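Text of the file run_2.pdb, holding PDB, C-alpha atoms and all ligand atoms:
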ATOM      1  CA  MET E   1      14.324  -4.339   8.845
ATOM      2  CA  GLU E   2      17.686  -2.598   9.211
ATOM      3  CA  PRO E   3      19.924  -1.468   6.320
ATOM      4  CA  ILE E   4      22.024  -4.545   5.671
ATOM      5  CA  THR E   5      25.412  -5.015   4.078
ATOM      6  CA  SER E   6      24.608  -8.585   2.994
ATOM      7  CA  TYR E   7      21.424  -7.711   1.105
ATOM      8  CA  PRO E   8      19.906 -10.749  -0.643
ATOM      9  CA  GLN E   9      20.709 -11.276  -4.335
ATOM     10  CA  PHE E  10      17.917 -10.248  -6.671
ATOM     11  CA  HIS E  11      17.010 -11.785 -10.027
ATOM     12  CA  ALA E  12      13.706 -10.476 -11.385
ATOM     13  CA  GLN E  13      12.613 -13.759 -13.005
ATOM     14  CA  GLU E  14      13.653 -15.954 -10.065
ATOM     15  CA  ASP E  15      12.162 -13.646  -7.445
ATOM     16  CA  LYS E  16       8.974 -13.326  -9.477
ATOM     17  CA  GLN E  17       8.689 -17.106  -9.412
ATOM     18  CA  LYS E  18       9.539 -17.189  -5.707
ATOM     19  CA  ILE E  19       6.665 -14.803  -4.899
ATOM     20  CA  ILE E  20       4.250 -16.767  -7.095
ATOM     21  CA  THR E  21       5.146 -19.992  -5.261
ATOM     22  CA  PHE E  22       4.879 -18.187  -1.924
ATOM     23  CA  LEU E  23       1.385 -16.917  -2.807
ATOM     24  CA  TRP E  24       0.270 -20.340  -4.013
ATOM     25  CA  ASN E  25       1.494 -21.981  -0.785
ATOM     26  CA  TRP E  26       0.022 -19.265   1.384
ATOM     27  CA  PHE E  27      -3.424 -19.544  -0.204
ATOM     28  CA  THR E  28      -3.265 -23.351  -0.051
ATOM     29  CA  ASN E  29      -2.744 -23.092   3.714
ATOM     30  CA  ASN E  30      -4.927 -20.066   4.403
ATOM     31  CA  GLY E  31      -7.828 -20.275   1.964
ATOM     32  CA  PRO E  32      -7.545 -22.953  -0.719
ATOM     33  CA  GLN E  33     -10.798 -21.763  -2.349
ATOM     34  CA  ALA E  34     -10.471 -18.108  -1.415
ATOM     35  CA  LYS E  35     -10.048 -15.285  -3.887
ATOM     36  CA  ALA E  36      -7.385 -12.596  -3.725
ATOM     37  CA  VAL E  37      -9.026  -9.209  -3.146
ATOM     38  CA  ILE E  38      -6.867  -6.274  -4.134
ATOM     39  CA  GLY E  39      -7.317  -2.522  -4.304
ATOM     40  CA  ILE E  40      -6.315  -1.398  -7.791
ATOM     41  CA  SER E  41      -5.091   2.189  -7.964
ATOM     42  CA  GLY E  42      -3.470   2.005 -11.384
ATOM     43  CA  GLY E  43      -0.005   2.468  -9.857
ATOM     44  CA  LYS E  44       2.877   0.038  -9.942
ATOM     45  CA  ASP E  45       2.484  -1.710  -6.574
ATOM     46  CA  SER E  46      -1.116  -2.809  -6.963
ATOM     47  CA  SER E  47      -0.482  -3.658 -10.635
ATOM     48  CA  VAL E  48       2.490  -5.873  -9.805
ATOM     49  CA  ALA E  49       0.800  -7.466  -6.773
ATOM     50  CA  ALA E  50      -2.344  -8.233  -8.809
ATOM     51  CA  ALA E  51      -0.344  -9.709 -11.691
ATOM     52  CA  LEU E  52       1.542 -11.961  -9.241
ATOM     53  CA  CYS E  53      -1.778 -13.144  -7.771
ATOM     54  CA  VAL E  54      -3.041 -13.949 -11.277
ATOM     55  CA  GLU E  55       0.105 -15.986 -11.979
ATOM     56  CA  ALA E  56      -0.254 -17.818  -8.656
ATOM     57  CA  LEU E  57      -4.010 -18.439  -8.571
ATOM     58  CA  GLY E  58      -5.342 -17.886 -12.073
ATOM     59  CA  LYS E  59      -7.364 -14.859 -13.152
ATOM     60  CA  ASP E  60     -10.684 -16.238 -11.890
ATOM     61  CA  ARG E  61      -9.424 -16.118  -8.314
ATOM     62  CA  VAL E  62      -8.395 -12.452  -8.348
ATOM     63  CA  ILE E  63     -10.847  -9.608  -7.733
ATOM     64  CA  GLY E  64      -9.804  -6.020  -8.406
ATOM     65  CA  VAL E  65     -11.492  -3.298  -6.374
ATOM     66  CA  LEU E  66     -11.285   0.218  -7.795
ATOM     67  CA  MET E  67     -12.047   2.756  -5.087
ATOM     68  CA  PRO E  68     -12.179   6.338  -6.297
ATOM     69  CA  ASN E  69     -12.809   9.012  -3.702
ATOM     70  CA  GLY E  70     -15.460  10.780  -5.791
ATOM     71  CA  VAL E  71     -13.781  11.401  -9.149
ATOM     72  CA  GLN E  72     -10.377   9.838  -9.797
ATOM     73  CA  SER E  73      -8.526  11.502 -12.669
ATOM     74  CA  ASP E  74      -6.307   8.480 -13.418
ATOM     75  CA  ILE E  75      -8.958   5.765 -13.057
ATOM     76  CA  ASP E  76      -8.299   4.771 -16.693
ATOM     77  CA  ASP E  77      -4.942   3.365 -15.535
ATOM     78  CA  ALA E  78      -6.733   1.080 -13.063
ATOM     79  CA  LEU E  79      -9.202   0.011 -15.773
ATOM     80  CA  CYS E  80      -6.309  -0.622 -18.154
ATOM     81  CA  LEU E  81      -4.723  -2.952 -15.588
ATOM     82  CA  VAL E  82      -7.823  -5.030 -14.819
ATOM     83  CA  LYS E  83      -8.502  -5.388 -18.531
ATOM     84  CA  HIS E  84      -4.878  -6.304 -19.238
ATOM     85  CA  LEU E  85      -5.033  -9.029 -16.572
ATOM     86  CA  GLY E  86      -8.573 -10.094 -17.508
ATOM     87  CA  ILE E  87      -9.692 -10.115 -13.868
ATOM     88  CA  ASN E  88     -13.144  -9.435 -12.465
ATOM     89  CA  TYR E  89     -13.437  -6.024 -10.891
ATOM     90  CA  ARG E  90     -15.886  -3.715  -9.189
ATOM     91  CA  ILE E  91     -15.869   0.007  -8.524
ATOM     92  CA  VAL E  92     -16.619   0.877  -4.897
ATOM     93  CA  ASN E  93     -16.715   4.657  -4.646
ATOM     94  CA  ILE E  94     -15.655   5.855  -1.188
ATOM     95  CA  GLY E  95     -16.670   9.447  -1.965
ATOM     96  CA  ALA E  96     -19.966   9.433  -0.034
ATOM     97  CA  PRO E  97     -18.685   7.733   3.165
ATOM     98  CA  PHE E  98     -15.635  10.004   3.061
ATOM     99  CA  LYS E  99     -17.864  13.103   2.961
ATOM    100  CA  GLU E 100     -20.089  11.788   5.761
ATOM    101  CA  MET E 101     -17.112  10.972   7.961
ATOM    102  CA  LEU E 102     -15.658  14.410   7.258
ATOM    103  CA  LYS E 103     -18.954  16.004   8.309
ATOM    104  CA  ALA E 104     -18.990  14.000  11.542
ATOM    105  CA  LEU E 105     -15.395  14.983  12.280
ATOM    106  CA  GLN E 106     -16.113  18.642  11.507
ATOM    107  CA  TYR E 107     -18.976  18.473  13.985
ATOM    108  CA  THR E 108     -16.544  17.062  16.554
ATOM    109  CA  GLU E 109     -14.180  19.926  15.757
ATOM    110  CA  MET E 110     -16.975  22.435  16.374
ATOM    111  CA  GLN E 111     -17.506  20.881  19.801
ATOM    112  CA  SER E 112     -13.862  21.498  20.767
ATOM    113  CA  SER E 113     -13.505  22.743  24.290
ATOM    114  CA  ASN E 114     -10.640  23.741  26.532
ATOM    115  CA  ASN E 115     -10.278  20.241  27.923
ATOM    116  CA  PHE E 116     -10.725  18.459  24.566
ATOM    117  CA  PHE E 117      -9.351  20.334  21.597
ATOM    118  CA  PHE E 118      -9.642  18.654  18.193
ATOM    119  CA  THR E 119      -8.914  19.889  14.657
ATOM    120  CA  VAL E 120      -9.589  18.262  11.316
ATOM    121  CA  THR E 121      -6.050  18.434   9.894
ATOM    122  CA  ASP E 122      -4.860  17.693   6.344
ATOM    123  CA  ALA E 123      -2.792  14.795   7.709
ATOM    124  CA  LEU E 124      -5.824  13.232   9.357
ATOM    125  CA  LEU E 125      -7.839  13.559   6.156
ATOM    126  CA  GLN E 126      -5.054  12.056   4.045
ATOM    127  CA  ASN E 127      -5.204   8.888   6.135
ATOM    128  CA  LEU E 128      -8.994   8.693   6.149
ATOM    129  CA  ALA E 129      -9.341   7.547   2.506
ATOM    130  CA  PRO E 130      -6.875   4.624   2.887
ATOM    131  CA  ARG E 131      -8.748   3.501   6.026
ATOM    132  CA  LEU E 132     -12.097   3.608   4.225
ATOM    133  CA  ARG E 133     -10.514   1.617   1.382
ATOM    134  CA  MET E 134      -9.322  -0.965   3.899
ATOM    135  CA  ALA E 135     -12.885  -1.272   5.261
ATOM    136  CA  ALA E 136     -14.235  -1.728   1.725
ATOM    137  CA  LEU E 137     -11.635  -4.390   0.846
ATOM    138  CA  TYR E 138     -12.406  -6.453   3.965
ATOM    139  CA  ALA E 139     -16.131  -6.108   3.278
ATOM    140  CA  VAL E 140     -15.680  -7.349  -0.287
ATOM    141  CA  ALA E 141     -13.496 -10.231   0.954
ATOM    142  CA  GLN E 142     -16.152 -11.279   3.453
ATOM    143  CA  GLY E 143     -19.002 -11.056   0.971
ATOM    144  CA  ILE E 144     -17.461 -13.483  -1.536
ATOM    145  CA  PRO E 145     -19.032 -16.959  -1.114
ATOM    146  CA  GLU E 146     -15.643 -18.697  -1.491
ATOM    147  CA  GLY E 147     -14.103 -16.193   0.945
ATOM    148  CA  GLY E 148     -11.537 -13.552   0.126
ATOM    149  CA  ARG E 149      -8.063 -12.645   1.347
ATOM    150  CA  VAL E 150      -6.930  -9.034   1.225
ATOM    151  CA  ILE E 151      -3.625  -8.444  -0.546
ATOM    152  CA  ASN E 152      -1.322  -5.838   0.984
ATOM    153  CA  THR E 153       0.620  -3.933  -1.692
ATOM    154  CA  CYS E 154       3.266  -2.165   0.405
ATOM    155  CA  ASN E 155       6.860  -2.592  -0.705
ATOM    156  CA  ARG E 156       9.994  -2.773   1.437
ATOM    157  CA  SER E 157      11.044   0.834   0.742
ATOM    158  CA  GLU E 158       7.685   2.278   1.854
ATOM    159  CA  ASP E 159       7.609   0.011   4.883
ATOM    160  CA  TYR E 160      11.157   0.996   5.848
ATOM    161  CA  VAL E 161      10.132   4.637   6.324
ATOM    162  CA  GLY E 162       6.525   3.953   7.365
ATOM    163  CA  TYR E 163       5.122   5.553   4.228
ATOM    164  CA  SER E 164       1.664   4.029   4.560
ATOM    165  CA  THR E 165      -1.450   4.562   6.625
ATOM    166  CA  LYS E 166      -1.566   2.402   9.740
ATOM    167  CA  TYR E 167      -4.570   0.038   9.439
ATOM    168  CA  GLY E 168      -5.200   1.601   6.042
ATOM    169  CA  ASP E 169      -3.107   0.488   3.086
ATOM    170  CA  SER E 170      -0.634  -1.044   5.572
ATOM    171  CA  ALA E 171      -3.295  -3.661   6.410
ATOM    172  CA  GLY E 172      -3.834  -6.951   4.612
ATOM    173  CA  ASP E 173      -3.694 -10.710   4.996
ATOM    174  CA  VAL E 174      -0.554 -11.331   2.975
ATOM    175  CA  ALA E 175       2.147  -8.997   1.637
ATOM    176  CA  PRO E 176       3.789 -10.269  -1.561
ATOM    177  CA  LEU E 177       5.967  -7.185  -2.152
ATOM    178  CA  ALA E 178       7.124  -6.350   1.368
ATOM    179  CA  ALA E 179      10.527  -7.996   0.904
ATOM    180  CA  TYR E 180      11.290  -5.972  -2.232
ATOM    181  CA  THR E 181      12.482  -2.399  -2.700
ATOM    182  CA  VAL E 182      10.855  -0.056  -5.232
ATOM    183  CA  ASP E 183      13.463  -0.713  -7.942
ATOM    184  CA  GLU E 184      13.020  -4.457  -7.452
ATOM    185  CA  VAL E 185       9.220  -4.159  -7.700
ATOM    186  CA  LEU E 186       9.705  -2.265 -10.996
ATOM    187  CA  SER E 187      11.909  -5.056 -12.330
ATOM    188  CA  ILE E 188       9.357  -7.680 -11.290
ATOM    189  CA  GLY E 189       6.671  -5.627 -13.070
ATOM    190  CA  GLU E 190       8.775  -5.683 -16.237
ATOM    191  CA  ALA E 191       9.343  -9.436 -15.857
ATOM    192  CA  LEU E 192       5.552  -9.815 -15.702
ATOM    193  CA  ASN E 193       5.217  -7.898 -18.998
ATOM    194  CA  LEU E 194       2.911  -5.345 -17.444
ATOM    195  CA  PRO E 195       2.104  -2.198 -19.448
ATOM    196  CA  LEU E 196       5.167   0.023 -19.011
ATOM    197  CA  GLN E 197       3.094   3.157 -18.422
ATOM    198  CA  LEU E 198       1.722   1.538 -15.241
ATOM    199  CA  VAL E 199       4.994   0.095 -13.984
ATOM    200  CA  HIS E 200       6.854   3.346 -14.526
ATOM    201  CA  LYS E 201       4.129   5.718 -13.360
ATOM    202  CA  ALA E 202       5.566   8.183 -10.811
ATOM    203  CA  PRO E 203       4.361   6.835  -7.459
ATOM    204  CA  SER E 204       2.001   9.193  -5.704
ATOM    205  CA  ASP E 205      -0.168   8.674  -2.654
ATOM    206  CA  GLY E 206      -3.238   9.740  -4.654
ATOM    207  CA  LEU E 207      -4.122  11.748  -1.561
ATOM    208  CA  CYS E 208      -2.633  15.220  -1.856
ATOM    209  CA  GLY E 209      -1.571  15.435  -5.503
ATOM    210  CA  LYS E 210       2.178  15.183  -4.816
ATOM    211  CA  THR E 211       4.479  12.330  -5.766
ATOM    212  CA  ASP E 212       5.860  10.070  -3.037
ATOM    213  CA  GLU E 213       9.306  11.555  -3.621
ATOM    214  CA  ASP E 214       7.968  15.143  -3.171
ATOM    215  CA  ASN E 215       6.369  14.085   0.101
ATOM    216  CA  LEU E 216       9.334  12.157   1.439
ATOM    217  CA  GLY E 217      11.976  14.709   0.430
ATOM    218  CA  PHE E 218      14.305  12.084  -1.075
ATOM    219  CA  THR E 219      14.191   9.723  -4.018
ATOM    220  CA  TYR E 220      13.382   6.019  -3.906
ATOM    221  CA  ALA E 221      16.765   5.471  -5.603
ATOM    222  CA  MET E 222      18.479   6.983  -2.535
ATOM    223  CA  LEU E 223      16.277   5.035  -0.137
ATOM    224  CA  ASP E 224      16.741   1.737  -1.983
ATOM    225  CA  LYS E 225      20.511   2.178  -2.026
ATOM    226  CA  TYR E 226      20.527   2.892   1.698
ATOM    227  CA  ILE E 227      18.390  -0.147   2.503
ATOM    228  CA  LYS E 228      20.632  -2.394   0.400
ATOM    229  CA  THR E 229      24.051  -1.049   1.303
ATOM    230  CA  GLY E 230      23.678   1.063   4.433
ATOM    231  CA  ILE E 231      25.284   3.892   2.413
ATOM    232  CA  CYS E 232      23.684   7.281   1.927
ATOM    233  CA  ASP E 233      25.798   9.958   0.251
ATOM    234  CA  ASN E 234      23.861  12.866   1.749
ATOM    235  CA  PRO E 235      24.031  13.095   5.577
ATOM    236  CA  ASP E 236      20.771  15.096   5.762
ATOM    237  CA  THR E 237      18.937  12.448   3.748
ATOM    238  CA  LYS E 238      20.423   9.707   5.912
ATOM    239  CA  ALA E 239      19.206  11.512   9.031
ATOM    240  CA  LYS E 240      15.747  11.945   7.491
ATOM    241  CA  ILE E 241      15.472   8.258   6.538
ATOM    242  CA  ASP E 242      16.755   7.114   9.949
ATOM    243  CA  ARG E 243      14.272   9.386  11.695
ATOM    244  CA  LEU E 244      11.277   8.162   9.656
ATOM    245  CA  HIS E 245      12.373   4.565  10.192
ATOM    246  CA  ARG E 246      12.632   5.076  13.961
ATOM    247  CA  LEU E 247       9.333   6.969  14.278
ATOM    248  CA  ASN E 248       7.362   4.470  12.186
ATOM    249  CA  LYS E 249       8.668   1.157  13.522
ATOM    250  CA  HIS E 250       5.370   0.703  15.346
ATOM    251  CA  LYS E 251       3.626   0.151  11.986
ATOM    252  CA  LEU E 252       5.545  -3.063  11.388
ATOM    253  CA  THR E 253       5.391  -4.621  14.817
ATOM    254  CA  PRO E 254       2.444  -6.327  16.519
ATOM    255  CA  MET E 255       0.510  -4.248  19.031
ATOM    256  CA  PRO E 256       2.266  -4.472  22.416
ATOM    257  CA  VAL E 257       0.472  -6.439  25.126
ATOM    258  CA  VAL E 258       1.071  -6.934  28.828
ATOM    259  CA  GLU E 259       3.245  -9.973  29.517
ATOM    260  CA  ARG E 260       1.757 -12.326  32.096
TER     261      ARG E 260
HETATM  262  N1  LIG R 301       5.390   5.307  18.725
HETATM  263  C1  LIG R 301       4.173   4.877  18.405
HETATM  264  N2  LIG R 301       3.754   3.675  18.859
HETATM  265  C2  LIG R 301       2.522   3.202  18.536
HETATM  266  N3  LIG R 301       1.653   3.873  17.754
HETATM  267  C3  LIG R 301       2.030   5.074  17.275
HETATM  268  C4  LIG R 301       3.297   5.631  17.557
HETATM  269  N4  LIG R 301       3.393   6.834  16.944
HETATM  270  C5  LIG R 301       2.241   7.018  16.295
HETATM  271  N5  LIG R 301       1.390   5.972  16.486
HETATM  272  C6  LIG R 301       0.006   5.786  15.943
HETATM  273  O1  LIG R 301       0.088   5.887  14.525
HETATM  274  C7  LIG R 301      -0.752   6.946  14.060
HETATM  275  C8  LIG R 301      -0.061   7.620  12.885
HETATM  276  O2  LIG R 301       0.096   6.719  11.813
HETATM  277  P1  LIG R 301      -0.722   6.967  10.468
HETATM  278  O3  LIG R 301      -2.146   7.162  10.790
HETATM  279  O4  LIG R 301      -0.356   5.898   9.517
HETATM  280  O5  LIG R 301      -0.208   8.399   9.967
HETATM  281  P2  LIG R 301       1.171   9.024   9.534
HETATM  282  O6  LIG R 301       2.301   8.065   9.718
HETATM  283  O7  LIG R 301       1.282  10.326  10.206
HETATM  284  O8  LIG R 301       0.920   9.310   8.015
HETATM  285  C9  LIG R 301       0.964   8.342   6.990
HETATM  286  C10 LIG R 301       1.975   8.756   5.926
HETATM  287  O9  LIG R 301       1.957   7.771   4.896
HETATM  288  C11 LIG R 301       1.680   8.407   3.650
HETATM  289  N6  LIG R 301       0.885   7.468   2.822
HETATM  290  C12 LIG R 301      -0.302   6.998   3.308
HETATM  291  C13 LIG R 301      -1.018   6.104   2.523
HETATM  292  C14 LIG R 301      -0.489   5.667   1.305
HETATM  293  C15 LIG R 301       0.740   6.155   0.900
HETATM  294  C16 LIG R 301       1.349   5.671  -0.381
HETATM  295  O10 LIG R 301       1.691   6.501  -1.206
HETATM  296  O11 LIG R 301       1.518   4.463  -0.508
HETATM  297  C17 LIG R 301       1.409   7.060   1.667
HETATM  298  C18 LIG R 301       0.924   9.674   3.965
HETATM  299  O12 LIG R 301       1.060  10.616   2.933
HETATM  300  C19 LIG R 301       1.622  10.088   5.272
HETATM  301  O13 LIG R 301       2.828  10.739   4.980
HETATM  302  C20 LIG R 301      -0.926   7.869  15.263
HETATM  303  O14 LIG R 301      -2.095   8.613  15.161
HETATM  304  C21 LIG R 301      -0.956   6.878  16.397
HETATM  305  O15 LIG R 301      -2.232   6.321  16.522
HETATM  306  N1  LIG R 302      -8.155   4.753  -5.848
HETATM  307  C1  LIG R 302      -7.818   3.554  -5.426
HETATM  308  N2  LIG R 302      -8.571   2.468  -5.782
HETATM  309  C2  LIG R 302      -8.244   1.236  -5.353
HETATM  310  N3  LIG R 302      -7.192   0.971  -4.554
HETATM  311  C3  LIG R 302      -6.429   1.997  -4.165
HETATM  312  C4  LIG R 302      -6.689   3.335  -4.581
HETATM  313  N4  LIG R 302      -5.757   4.125  -4.034
HETATM  314  C5  LIG R 302      -4.951   3.326  -3.324
HETATM  315  N5  LIG R 302      -5.336   2.043  -3.385
HETATM  316  C6  LIG R 302      -4.724   0.861  -2.746
HETATM  317  O1  LIG R 302      -3.842   1.308  -1.733
HETATM  318  C7  LIG R 302      -2.467   0.989  -2.074
HETATM  319  C8  LIG R 302      -1.548   2.145  -1.715
HETATM  320  O2  LIG R 302      -1.892   3.134  -2.593
HETATM  321  P1  LIG R 302      -1.143   4.443  -2.957
HETATM  322  O3  LIG R 302      -1.708   5.029  -4.188
HETATM  323  O4  LIG R 302      -1.267   5.252  -1.763
HETATM  324  O5  LIG R 302       0.369   4.143  -3.197
HETATM  325  P2  LIG R 302       1.389   3.154  -3.858
HETATM  326  O6  LIG R 302       2.050   2.490  -2.729
HETATM  327  O7  LIG R 302       2.196   3.976  -4.774
HETATM  328  O8  LIG R 302       0.620   2.006  -4.665
HETATM  329  P3  LIG R 302       0.370   1.890  -6.195
HETATM  330  O9  LIG R 302       1.732   1.871  -6.833
HETATM  331  O10 LIG R 302      -0.371   0.615  -6.358
HETATM  332  O11 LIG R 302      -0.442   3.113  -6.534
HETATM  333  C9  LIG R 302      -2.500   0.695  -3.576
HETATM  334  O12 LIG R 302      -1.450  -0.163  -3.965
HETATM  335  C10 LIG R 302      -3.871   0.089  -3.746
HETATM  336  O13 LIG R 302      -3.886  -1.283  -3.384
END
For the structure just supplied, provide its representation as C-alpha cells.
Amino acid sequence: MEPITSYPQFHAQEDKQKIITFLWNWFTNNGPQAKAVIGISGGKDSSVAAALCVEALGKDRVIGVLMPNGVQSDIDDALCLVKHLGINYRIVNIGAPFKEMLKALQYTEMQSSNNFFFTVTDALLQNLAPRLRMAALYAVAQGIPEGGRVINTCNRSEDYVGYSTKYGDSAGDVAPLAAYTVDEVLSIGEALNLPLQLVHKAPSDGLCGKTDEDNLGFTYAMLDKYIKTGICDNPDTKAKIDRLHRLNKHKLTPMPVVER
C-alpha cells in the first residue's frame, strides 16, 4: 500500500454495501455456517466492523467478545454497542493471564545474565494484552459448534504505519476495514446509524492511556490525506509517516520462506 494519486472514489453507502457483500461472499466460501467472532472494545473500528457483520450475516451469527484487562473504565461503551446491535456477547477477562505472564517474564528478567540480557519494557507489555486477546478470540472461535471466524478490525490508516500489534490485533481471518482510511471508517459508521458517541470516540490503543494521535505524533487527518493524495504539508510529518511505513511493512506481508 503506497500513497496513491488515483485513490479510489468513496461513497459511504455504496462502500458499506460493498463490504457487506464482500463479507457475505467470504463467509459463504470460508464458513457458510460459521459465526463472526469479534473483539469489542467500544471504539469505532470494532463497532463498525461488528455492525457490518450483522448486516452481512444477521445478528445471530455475530459474537462479541469483551476482553477487559482487569477493570476497563470504558466497558460501558462496549456494552452499549452489543446491546445496540442485539448480538450475543461474552466477557473474557484477560487480567489474570496477563498478570501470570507478567510474573513469568519478570522471573526471566531476574535471570538476566551477561550473555542473555532481557528487560520487561513498557513496549513489550503494551503488545502483550493484544496478543492475549488474539488467543482468546481464536479460542472462542474454535469452541463454537458451528465454527467461528475471527474478524480483524484494523483500518487502512493504522495498517499503513503499522499501528497494531503483530499477531495481536493485526491477526484475523478476514479484514473488512483494511481498505478504508479512518475518515472513511467514520463515514461508514455514520451510514450504519451507529451511536455517534462510539463512532466519534477519540481512538486510543486502550493500552497506555494516550490517544492514537498522541502516540503517533500526527493526526489521522494528516495521515489519511497523505495516503489518498501523496501530499503532506509538513515535511517532518511526512518523514515520520514514511519511516513508520517502511519499518512496519513486515506486518502486512507473509512470513518470508526459502525459495526452492
Ligand atoms: N523488519 C522486520 N521484519 C520482520 N519482523 C520484524 C521486523 N521488525 C520487527 N519485526 C518483528 O515485529 C516485532 C514488533 O512488532 P510489534 O510486536 O507489533 O510491536 P511494535 O510495532 O513495536 O508496537 C506496536 C505498536 O502498535 C500500537 N498498537 C498496538 C495495538 C493496538 C493499537 C491500536 O490502537 O489499534 C496500537 C502500539 O501502541 C505500538 O505503538 C518485533 O519484536 C519483531 O519480532
Ligand atoms: N478491551 C477490549 N475488549 C475487546 N476487544 C478489544 C479490546 N481492546 C481492543 N480490542 C480489539 O482489538 C482491536 C484494536 O483495538 P484498539 O483499542 O487497540 O484500537 P482501535 O484500532 O482504535 O479499535 P477500536 O476503534 O475498535 O477501539 C479492537 O478493534 C478490538 O477488536
field: Interatomic distance (Å, one decimal) between atom C5 of ligand LIG 301 (chain R) and CA of Ala202 (chain E)
entry: 27.3 Å
- prompt: Leaving out Ser46 (chain E) and any residue of its chain fewer than 4 positions from it, which residues lie within 12 Å of it when counting all atoms listed in the file, given as a PyMOL selection string?
  reply: chain E and resi 37-42+50-53+63-66+77-78+81-82+150-155+169+175-177+185-186+189+194+198-199+201+203
Given the file shown, enumerate the residues that the PyMOL selection byres (((chain E and resi 204) around 12) and not hetatm) captures and present them as a PDB file with C-alpha atoms, in the frame of the given file.
ATOM      1  CA  SER E  41      -5.091   2.189  -7.964  1.00  0.00           C
ATOM      2  CA  GLY E  42      -3.470   2.005 -11.384  1.00  0.00           C
ATOM      3  CA  GLY E  43      -0.005   2.468  -9.857  1.00  0.00           C
ATOM      4  CA  LYS E  44       2.877   0.038  -9.942  1.00  0.00           C
ATOM      5  CA  ASP E  45       2.484  -1.710  -6.574  1.00  0.00           C
ATOM      6  CA  ASP E  74      -6.307   8.480 -13.418  1.00  0.00           C
ATOM      7  CA  GLU E 158       7.685   2.278   1.854  1.00  0.00           C
ATOM      8  CA  TYR E 163       5.122   5.553   4.228  1.00  0.00           C
ATOM      9  CA  SER E 164       1.664   4.029   4.560  1.00  0.00           C
ATOM     10  CA  HIS E 200       6.854   3.346 -14.526  1.00  0.00           C
ATOM     11  CA  LYS E 201       4.129   5.718 -13.360  1.00  0.00           C
ATOM     12  CA  ALA E 202       5.566   8.183 -10.811  1.00  0.00           C
ATOM     13  CA  PRO E 203       4.361   6.835  -7.459  1.00  0.00           C
ATOM     14  CA  ASP E 205      -0.168   8.674  -2.654  1.00  0.00           C
ATOM     15  CA  GLY E 206      -3.238   9.740  -4.654  1.00  0.00           C
ATOM     16  CA  LEU E 207      -4.122  11.748  -1.561  1.00  0.00           C
ATOM     17  CA  CYS E 208      -2.633  15.220  -1.856  1.00  0.00           C
ATOM     18  CA  GLY E 209      -1.571  15.435  -5.503  1.00  0.00           C
ATOM     19  CA  LYS E 210       2.178  15.183  -4.816  1.00  0.00           C
ATOM     20  CA  THR E 211       4.479  12.330  -5.766  1.00  0.00           C
ATOM     21  CA  ASP E 212       5.860  10.070  -3.037  1.00  0.00           C
ATOM     22  CA  GLU E 213       9.306  11.555  -3.621  1.00  0.00           C
ATOM     23  CA  ASP E 214       7.968  15.143  -3.171  1.00  0.00           C
ATOM     24  CA  ASN E 215       6.369  14.085   0.101  1.00  0.00           C
ATOM     25  CA  LEU E 216       9.334  12.157   1.439  1.00  0.00           C
ATOM     26  CA  TYR E 220      13.382   6.019  -3.906  1.00  0.00           C
TER      27      TYR E 220
END
- request: Would you write out, as JSON, numbers by chain, every residue that the PyMOL selection byres (((chain E and resi 228) around 9) and not hetatm) captures in this file?
  value: {"E": [3, 4, 5, 6, 7, 8, 181, 223, 224, 225, 226, 227, 229, 230, 231]}
query: Just so the selection is clear, what residues does the PyMOL selection byres (((chain E and resi 67-71) around 7) and not hetatm) cover here, as JSON, numbers by chain?
result: {"E": [65, 66, 72, 73, 91, 92, 93, 94, 95, 133]}
query: What does the distance between CA of His245 (chain E) and CA of Tyr160 (chain E) come to in Å, to one decimal place?
result: 5.8 Å
Let me have the centre and edge lengths of the axis-aligned box enclosing all listed atoms of ligand LIG 301 (chain R) with 4 Å padding on every side, in Å to one decimal, as AutoDock Vina command-line options.
--center_x 1.6 --center_y 7.0 --center_z 8.8 --size_x 15.6 --size_y 15.5 --size_z 28.1
message: I'd like the interatomic distance between atom C8 of ligand LIG 301 (chain R) and CA of Asn127 (chain E), to a tenth of an Å.
response: 8.6 Å
message: For Asp60 (chain E), find every residue with an atom within 9 Å (counting only C-alpha atoms), except residues of its own chain fewer than 3 positions away, and show them as a ChimeraX atom specification.
response: /E:35,54,57,63,86-88
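Distances to Met101 (chain E) were evaluated for E:Cys80, E:Ala141, E:Leu124, E:Val48 using all atoms listed in the file, and the minimum falls at E:Leu124.
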message: Env of His11 (chain E): 9 Å cut, atoms = only C-alpha atoms, seq-sep filter 4 positions within chain, self excluded. Answer as a ChimeraX atom specification.
response: /E:15-16,184,187-188
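Nearest-residue note for ligand LIG 301 (chain R): choosing from E:Leu23, E:Ala239, E:Ile144, E:Met134, the minimum distance belongs to E:Met134, counting all atoms listed in the file.
You can rank E:Ala96, E:Val174, E:Ala56, E:Leu196 by their closest distance to Asn30 (chain E) using all atoms listed in the file, and at the top of that list sits E:Val174.
Nearest residue to ligand LIG 302 (chain R), choosing from E:Ala179, E:Ala191, E:Leu105, E:Ala136 and counting only C-alpha atoms and all ligand atoms: E:Ala136.
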- line: Residue with the minimum atom-to-atom distance to ligand LIG 302 (chain R), picked from E:Ser157, E:Thr119, E:Gln106, E:Gln111 with only C-alpha atoms and all ligand atoms counted, is E:Ser157
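Candidate residues E:Leu128, E:Leu247, E:Leu79, E:Gly31 were compared for distance to Tyr167 (chain E), and the nearest is E:Leu128, using only C-alpha atoms.
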